[in-house]
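Structure file target16.cif; described as mmCIF, C-alpha atoms and all ligand atoms.
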```
data_work
#
loop_
_atom_site.label_atom_id
_atom_site.label_comp_id
_atom_site.auth_asym_id
_atom_site.auth_seq_id
_atom_site.Cartn_x
_atom_site.Cartn_y
_atom_site.Cartn_z
CA MET D 1 0.00 0.00 0.00
CA ALA D 2 1.41 3.38 -1.01
CA ILE D 3 0.22 6.43 0.90
CA LEU D 4 0.15 9.76 -0.86
CA SER D 5 -0.11 13.22 0.66
CA ILE D 6 -2.95 15.33 -0.77
CA ASP D 7 -3.99 18.95 -0.25
CA SER D 8 -5.99 19.39 2.92
CA ASP D 9 -8.63 21.31 0.93
CA ARG D 10 -9.50 17.94 -0.63
CA ALA D 11 -10.67 16.87 2.83
CA ALA D 12 -14.28 17.73 2.05
CA ARG D 13 -14.15 15.46 -0.96
CA LEU D 14 -12.88 12.61 1.20
CA LEU D 15 -15.83 13.09 3.55
CA ASN D 16 -18.49 13.92 0.92
CA ILE D 17 -19.33 10.25 0.49
CA GLY D 18 -20.40 10.12 4.14
CA PRO D 19 -18.03 7.45 5.39
CA LEU D 20 -17.85 6.18 8.92
CA VAL D 21 -14.50 7.34 10.34
CA ILE D 22 -12.23 6.41 13.21
CA VAL D 23 -10.83 9.22 15.36
CA SER D 24 -7.47 8.53 16.96
CA THR D 25 -5.19 10.61 19.12
CA THR D 26 -2.42 10.41 21.66
CA TYR D 27 -1.63 12.49 24.71
CA GLN D 28 1.17 11.96 27.23
CA GLY D 29 1.66 8.34 26.15
CA ILE D 30 -2.04 7.42 26.13
CA THR D 31 -3.30 6.46 22.66
CA ASN D 32 -6.95 5.84 21.87
CA ALA D 33 -9.35 5.47 18.96
CA MET D 34 -13.12 5.42 18.48
CA PRO D 35 -15.40 5.03 15.45
CA LEU D 36 -17.56 8.03 14.66
CA ALA D 37 -20.45 8.16 12.20
CA TRP D 38 -21.43 11.79 12.69
CA ILE D 39 -18.85 13.88 10.90
CA CYS D 40 -19.43 16.68 8.41
CA PRO D 41 -17.32 18.99 6.23
CA MET D 42 -17.96 22.68 6.95
CA GLY D 43 -15.55 24.53 4.67
CA TYR D 44 -12.90 24.13 1.98
CA ASN D 45 -10.23 26.68 2.59
CA PRO D 46 -9.25 26.38 5.31
CA ALA D 47 -10.70 22.87 5.40
CA THR D 48 -12.97 22.70 8.42
CA ILE D 49 -15.03 19.84 9.82
CA SER D 50 -17.50 19.23 12.62
CA LEU D 51 -17.78 16.03 14.62
CA VAL D 52 -20.30 14.81 17.14
CA MET D 53 -18.13 13.21 19.79
CA ASN D 54 -19.80 12.18 23.03
CA ARG D 55 -18.38 14.10 25.98
CA GLY D 56 -18.19 10.79 27.86
CA ALA D 57 -15.83 9.19 25.32
CA TYR D 58 -12.26 8.87 26.54
CA THR D 59 -11.03 9.70 23.02
CA ARG D 60 -12.71 13.09 23.34
CA VAL D 61 -10.93 13.79 26.65
CA LEU D 62 -7.61 13.07 24.94
CA VAL D 63 -8.54 15.12 21.84
CA GLU D 64 -9.31 18.13 24.00
CA LYS D 65 -5.99 17.77 25.84
CA SER D 66 -3.77 17.17 22.84
CA GLY D 67 -5.60 19.52 20.46
CA LEU D 68 -4.60 17.25 17.58
CA PHE D 69 -6.16 14.11 16.21
CA MET D 70 -6.38 11.91 13.15
CA VAL D 71 -9.63 11.17 11.31
CA GLN D 72 -9.35 8.08 9.13
CA VAL D 73 -11.60 6.12 6.82
CA PRO D 74 -11.74 2.39 7.63
CA VAL D 75 -12.90 -0.25 5.14
CA ALA D 76 -15.18 -3.28 5.11
CA SER D 77 -12.46 -5.74 6.14
CA GLN D 78 -12.15 -3.75 9.39
CA ILE D 79 -15.82 -3.98 10.38
CA ASN D 80 -15.18 -6.08 13.50
CA MET D 81 -12.32 -3.83 14.58
CA VAL D 82 -14.69 -0.86 14.21
CA MET D 83 -17.34 -2.50 16.39
CA SER D 84 -14.78 -3.52 19.00
CA LEU D 85 -13.40 0.05 19.21
CA GLY D 86 -16.90 1.47 19.41
CA THR D 87 -18.42 -0.80 22.05
CA GLN D 88 -15.86 -0.43 24.81
CA SER D 89 -13.91 2.41 26.37
CA LEU D 90 -10.19 2.66 26.97
CA ALA D 91 -11.24 3.96 30.39
CA ASP D 92 -12.51 0.43 31.19
CA ASN D 93 -10.10 -1.65 29.12
CA PRO D 94 -6.52 -0.37 28.76
CA ASN D 95 -5.91 -3.12 26.14
CA LYS D 96 -8.81 -1.98 23.95
CA LEU D 97 -6.69 -1.12 20.90
CA ALA D 98 -4.57 -4.28 20.89
CA GLU D 99 -7.58 -6.51 21.57
CA SER D 100 -9.45 -4.80 18.72
CA GLY D 101 -6.63 -5.67 16.31
CA VAL D 102 -5.40 -2.11 15.80
CA GLU D 103 -1.96 -1.62 14.24
CA LEU D 104 -0.62 1.91 14.33
CA PHE D 105 1.87 3.84 12.25
CA THR D 106 2.61 7.46 11.56
CA VAL D 107 4.14 9.45 8.71
CA GLU D 108 6.26 12.57 8.43
CA GLY D 109 4.00 15.57 8.80
CA ALA D 110 1.48 13.77 11.00
CA GLN D 111 2.96 15.44 14.10
CA GLY D 112 3.15 12.12 15.90
CA MET D 113 -0.57 11.41 15.62
CA PRO D 114 -1.40 7.69 15.45
CA MET D 115 -2.71 6.39 12.11
CA LEU D 116 -4.57 3.09 11.81
CA HIS D 117 -3.08 0.61 9.41
CA GLY D 118 -5.53 -0.70 6.79
CA CYS D 119 -7.59 2.48 6.51
CA VAL D 120 -7.66 4.28 3.14
CA ALA D 121 -7.68 7.99 4.00
CA TRP D 122 -6.29 9.99 6.91
CA LEU D 123 -6.94 13.62 7.89
CA LEU D 124 -4.74 15.36 10.44
CA CYS D 125 -7.04 17.69 12.39
CA ARG D 126 -6.44 20.49 14.86
CA LEU D 127 -9.22 21.22 17.33
CA ILE D 128 -10.57 24.77 17.20
CA PRO D 129 -10.85 25.52 20.92
CA ASP D 130 -14.34 26.60 21.93
CA GLN D 131 -15.15 26.78 25.61
CA TYR D 132 -18.91 26.55 25.11
CA LEU D 133 -18.73 23.45 22.88
CA GLU D 134 -16.22 21.78 25.19
CA GLU D 135 -18.35 22.36 28.29
CA HIS D 136 -21.86 21.96 26.94
CA SER D 137 -21.95 20.19 23.59
CA ASN D 138 -21.13 16.87 22.01
CA MET D 139 -19.98 18.79 18.92
CA LEU D 140 -16.39 19.71 18.13
CA ILE D 141 -15.01 21.80 15.26
CA ALA D 142 -11.56 21.28 13.76
CA ARG D 143 -9.29 22.41 10.94
CA VAL D 144 -7.80 19.82 8.61
CA GLU D 145 -4.07 20.51 8.41
CA ASP D 146 -2.93 17.63 6.24
CA ALA D 147 -4.36 14.59 4.47
CA TRP D 148 -3.15 11.32 3.01
CA ILE D 149 -4.80 8.64 0.91
CA ASP D 150 -4.10 5.08 -0.14
CA GLU D 151 -3.29 5.49 -3.83
CA ASP D 152 -5.34 2.37 -4.68
CA VAL D 153 -8.61 4.19 -3.89
CA PHE D 154 -8.01 7.71 -5.15
CA ASP D 155 -7.33 8.94 -8.67
CA ASN D 156 -6.72 12.44 -9.99
CA GLY D 157 -8.33 14.07 -6.96
CA TYR D 158 -11.37 11.78 -6.80
CA TRP D 159 -12.33 8.63 -4.96
CA ASN D 160 -11.79 5.68 -7.27
CA LEU D 161 -13.69 2.83 -5.66
CA GLU D 162 -15.24 1.29 -8.75
CA ASN D 163 -12.58 -1.36 -9.16
CA CYS D 164 -11.91 -1.95 -5.48
CA ALA D 165 -12.76 -5.26 -3.86
CA THR D 166 -15.66 -5.05 -1.40
CA ASP D 167 -13.19 -5.55 1.45
CA LYS D 168 -11.53 -2.25 0.60
CA GLN D 169 -14.71 -0.16 0.36
CA PRO D 170 -15.44 2.53 2.99
CA LEU D 171 -18.26 1.88 5.43
CA HIS D 172 -21.55 3.71 5.97
CA TYR D 173 -23.15 3.03 9.31
CA VAL D 174 -26.81 2.08 9.67
CA ALA D 175 -27.29 0.88 13.30
CA GLY D 176 -27.05 -2.32 15.32
CA GLY D 177 -23.76 -3.41 13.74
CA GLN D 178 -25.09 -3.00 10.18
CA PHE D 179 -23.17 -1.08 7.55
CA TYR D 180 -23.37 -0.44 3.82
CA THR D 181 -20.26 -0.31 1.70
CA THR D 182 -19.95 2.54 -0.80
CA GLY D 183 -22.28 1.86 -3.73
CA LYS D 184 -22.02 2.10 -7.47
CA LEU D 185 -20.71 5.31 -9.04
CA ILE D 186 -23.04 7.16 -11.43
CA GLN D 187 -22.15 10.34 -13.33
CA ALA D 188 -24.42 13.31 -14.02
CA ASP D 189 -24.13 15.37 -17.22
CA ILE D 190 -22.10 18.48 -16.33
CA ASP D 191 -20.34 21.15 -18.40
CA GLU D 192 -16.61 21.09 -17.63
C1 LIG D 201 -20.34 2.16 14.24
C2 LIG D 201 -20.22 3.13 15.39
C3 LIG D 201 -20.40 4.49 15.19
C4 LIG D 201 -20.29 5.40 16.25
N1 LIG D 201 -20.46 6.73 16.02
C5 LIG D 201 -20.33 7.62 17.06
C6 LIG D 201 -20.48 9.03 16.85
O1 LIG D 201 -20.74 9.51 15.73
N2 LIG D 201 -20.29 9.85 17.91
C7 LIG D 201 -19.99 9.38 19.16
O2 LIG D 201 -19.85 10.17 20.10
N3 LIG D 201 -19.86 8.04 19.39
C8 LIG D 201 -20.00 7.17 18.37
N4 LIG D 201 -19.86 5.82 18.59
C9 LIG D 201 -19.57 5.36 19.97
C10 LIG D 201 -18.10 5.46 20.38
O3 LIG D 201 -17.27 4.97 19.35
C11 LIG D 201 -17.94 4.66 21.68
O4 LIG D 201 -18.56 5.40 22.71
C12 LIG D 201 -16.50 4.30 22.04
O5 LIG D 201 -16.57 3.15 22.85
C13 LIG D 201 -15.74 5.37 22.79
O6 LIG D 201 -14.51 4.82 23.18
P1 LIG D 201 -13.52 5.59 24.18
O7 LIG D 201 -14.27 5.88 25.47
O8 LIG D 201 -12.36 4.64 24.40
O9 LIG D 201 -13.11 6.84 23.49
C14 LIG D 201 -19.99 4.91 17.55
C15 LIG D 201 -19.83 3.53 17.76
C16 LIG D 201 -19.95 2.64 16.68
C17 LIG D 201 -19.77 1.17 16.92
#
```
As a first step, turn the structure in this file into structure tokens.
Amino acid sequence: MAILSIDSDRAARLLNIGPLVIVSTTYQGITNAMPLAWICPMGYNPATISLVMNRGAYTRVLVEKSGLFMVQVPVASQINMVMSLGTQSLADNPNKLAESGVELFTVEGAQGMPMLHGCVAWLLCRLIPDQYLEEHSNMLIARVEDAWIDEDVFDNGYWNLENCATDKQPLHYVAGGQFYTTGKLIQADIDE
């Protein structure tokens, strides 16, 4: 798998398909990750996103302390890892990541943020501090500072999932452990 750096203003395009993501971060030697279905692009330049992250999630505590986190797009082959990460807390199980089958790496430019092996897109995000949101809301807002993609699933600035095996398709969460994979591409008539 080759990972390519792409402009952070492409972040919206990565999220436009509505994928389930995994948020990971690390702070003072504690590394955690949680799946998150409720994420939304809010602007291109600078690339800005909003996330609904439960104030009770340990990942959120670490995100607020570190100010930096990674948003990544997992694929169908990681469905059980996703459910394992999303049905237990690191606060209760310090071995959550290892027992969920998570393998971590990082790349130059990722400022030490943990990236999950096997995902197909990664967005390095910096929390926009907001006292009201932090104290009263499950929502967080962040800037995307950098982004990387697996070159097998991206072509010329666009997702290229048509020829990907089902195992390598992003996930779209329904409920109760059910997901869809990304569906068939169709093209509208547009003037270029
Ligand atoms: C498929 C899936 C999607 C989820 N989406 C969200 C979400 O959008 N927002 C959220 O706050 N929690 C979401 N969760 C729940 C968290 O991932 C869960 O609370 C997790 O155990 C938190 O772990 P932590 O306490 O170690 O951070 C989701 C869980 C699953 C399984």
Could you work out how far CA of Thr182 (chain D) lies from CA of Val21 (chain D), giving the answer in Å with one decimal?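 A separation of 13.3 Å between them.
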Once you count all atoms listed in the file, what closest atom pair and distance in Å to one decimal does each residue of region 51-88 of chain D within 10 Å of region 22-33 of chain D have, with rows by chain and rising residue number, as JSON lines?
```
{"residue": "D:Leu51", "atom": "CA", "partner": "D:Val23", "partner_atom": "CA", "distance": 9.8}
{"residue": "D:Met53", "atom": "CA", "partner": "D:Val23", "partner_atom": "CA", "distance": 9.4}
{"residue": "D:Ala57", "atom": "CA", "partner": "D:Ala33", "partner_atom": "CA", "distance": 9.8}
{"residue": "D:Tyr58", "atom": "CA", "partner": "D:Asn32", "partner_atom": "CA", "distance": 7.7}
{"residue": "D:Thr59", "atom": "CA", "partner": "D:Asn32", "partner_atom": "CA", "distance": 5.7}
{"residue": "D:Arg60", "atom": "CA", "partner": "D:Thr25", "partner_atom": "CA", "distance": 9.0}
{"residue": "D:Val61", "atom": "CA", "partner": "D:Tyr27", "partner_atom": "CA", "distance": 9.6}
{"residue": "D:Leu62", "atom": "CA", "partner": "D:Tyr27", "partner_atom": "CA", "distance": 6.0}
{"residue": "D:Val63", "atom": "CA", "partner": "D:Thr25", "partner_atom": "CA", "distance": 6.2}
{"residue": "D:Glu64", "atom": "CA", "partner": "D:Tyr27", "partner_atom": "CA", "distance": 9.6}
{"residue": "D:Lys65", "atom": "CA", "partner": "D:Tyr27", "partner_atom": "CA", "distance": 6.9}
{"residue": "D:Ser66", "atom": "CA", "partner": "D:Tyr27", "partner_atom": "CA", "distance": 5.5}
{"residue": "D:Gly67", "atom": "CA", "partner": "D:Thr25", "partner_atom": "CA", "distance": 9.0}
{"residue": "D:Leu68", "atom": "CA", "partner": "D:Thr25", "partner_atom": "CA", "distance": 6.8}
{"residue": "D:Phe69", "atom": "CA", "partner": "D:Thr25", "partner_atom": "CA", "distance": 4.7}
{"residue": "D:Met70", "atom": "CA", "partner": "D:Ser24", "partner_atom": "CA", "distance": 5.2}
{"residue": "D:Val71", "atom": "CA", "partner": "D:Val23", "partner_atom": "CA", "distance": 4.7}
{"residue": "D:Gln72", "atom": "CA", "partner": "D:Ile22", "partner_atom": "CA", "distance": 5.3}
{"residue": "D:Val73", "atom": "CA", "partner": "D:Ile22", "partner_atom": "CA", "distance": 6.4}
{"residue": "D:Pro74", "atom": "CA", "partner": "D:Ile22", "partner_atom": "CA", "distance": 6.9}
{"residue": "D:Val82", "atom": "CA", "partner": "D:Ile22", "partner_atom": "CA", "distance": 7.7}
{"residue": "D:Leu85", "atom": "CA", "partner": "D:Ala33", "partner_atom": "CA", "distance": 6.8}
{"residue": "D:Gly86", "atom": "CA", "partner": "D:Ala33", "partner_atom": "CA", "distance": 8.6}
```
Could you work out how far CA of Tyr158 (chain D) lies from CA of Ala47 (chain D), giving the answer in Å with one decimal?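 Answer for the CA of Ala47 (chain D) to CA of Tyr158 (chain D) separation: 16.5 Å.
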Where does region 68-88 of chain D meet region 163-172 of chain D within 9 Å, residue by residue, with the nearest atom pair and distance in Å to one decimal for each, counting all atoms listed in the file, listed by chain and rising number, as JSON lines?
```
{"residue": "D:Val73", "atom": "CA", "partner": "D:Pro170", "partner_atom": "CA", "distance": 6.5}
{"residue": "D:Pro74", "atom": "CA", "partner": "D:Pro170", "partner_atom": "CA", "distance": 5.9}
{"residue": "D:Val75", "atom": "CA", "partner": "D:Pro170", "partner_atom": "CA", "distance": 4.3}
{"residue": "D:Ala76", "atom": "CA", "partner": "D:Asp167", "partner_atom": "CA", "distance": 4.7}
{"residue": "D:Ser77", "atom": "CA", "partner": "D:Asp167", "partner_atom": "CA", "distance": 4.8}
{"residue": "D:Gln78", "atom": "CA", "partner": "D:Asp167", "partner_atom": "CA", "distance": 8.2}
{"residue": "D:Ile79", "atom": "CA", "partner": "D:Leu171", "partner_atom": "CA", "distance": 8.0}
```
Which residues come within 10 Å of region 184-187 of chain D, counting all atoms listed in the file, excluding same-chain residues fewer than 4 positions away, as a ChimeraX atom specification? /D:159-162
d(atom C16 of ligand LIG 201 (chain D), CA of Ala37 (chain D)) in Å: 7.1 Å
Looking at D:Ser8, D:Thr87, D:Ser100, D:Ser137, which one is nearest to ligand LIG 201 (chain D), with distances taken over all atoms listed in the file? D:Thr87
I'd like the contact shell of Gly109 (chain D) - 10 Å cut-off, all atoms listed in the file, skipping same-chain residues fewer than 6 positions apart - returned as a PyMOL selection string. chain D and resi 5+124+145-147
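The list of residues with at least one atom within 9 Å of Ala12 (chain D), based on all atoms listed in the file and without residues fewer than 6 positions apart in the same chain, reads D:Cys40, D:Pro41, D:Met42, D:Gly43, D:Tyr44, D:Ala47, D:Thr48, D:Ile49.
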What lies within 8 Å of Lys96 (chain D) using all atoms listed in the file, ignoring chain neighbours under 6 positions off, as JSON, numbers by chain? {"D": [84, 85, 88, 89, 90]}
Smallest atom-to-atom distance to ligand LIG 201 (chain D): which of D:Ala98, D:Leu14, D:Val174, D:Val107, using only C-alpha atoms and all ligand atoms?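 Between D:Ala98, D:Leu14, D:Val174, D:Val107, the residue approaching ligand LIG 201 (chain D) most closely is D:Val174.
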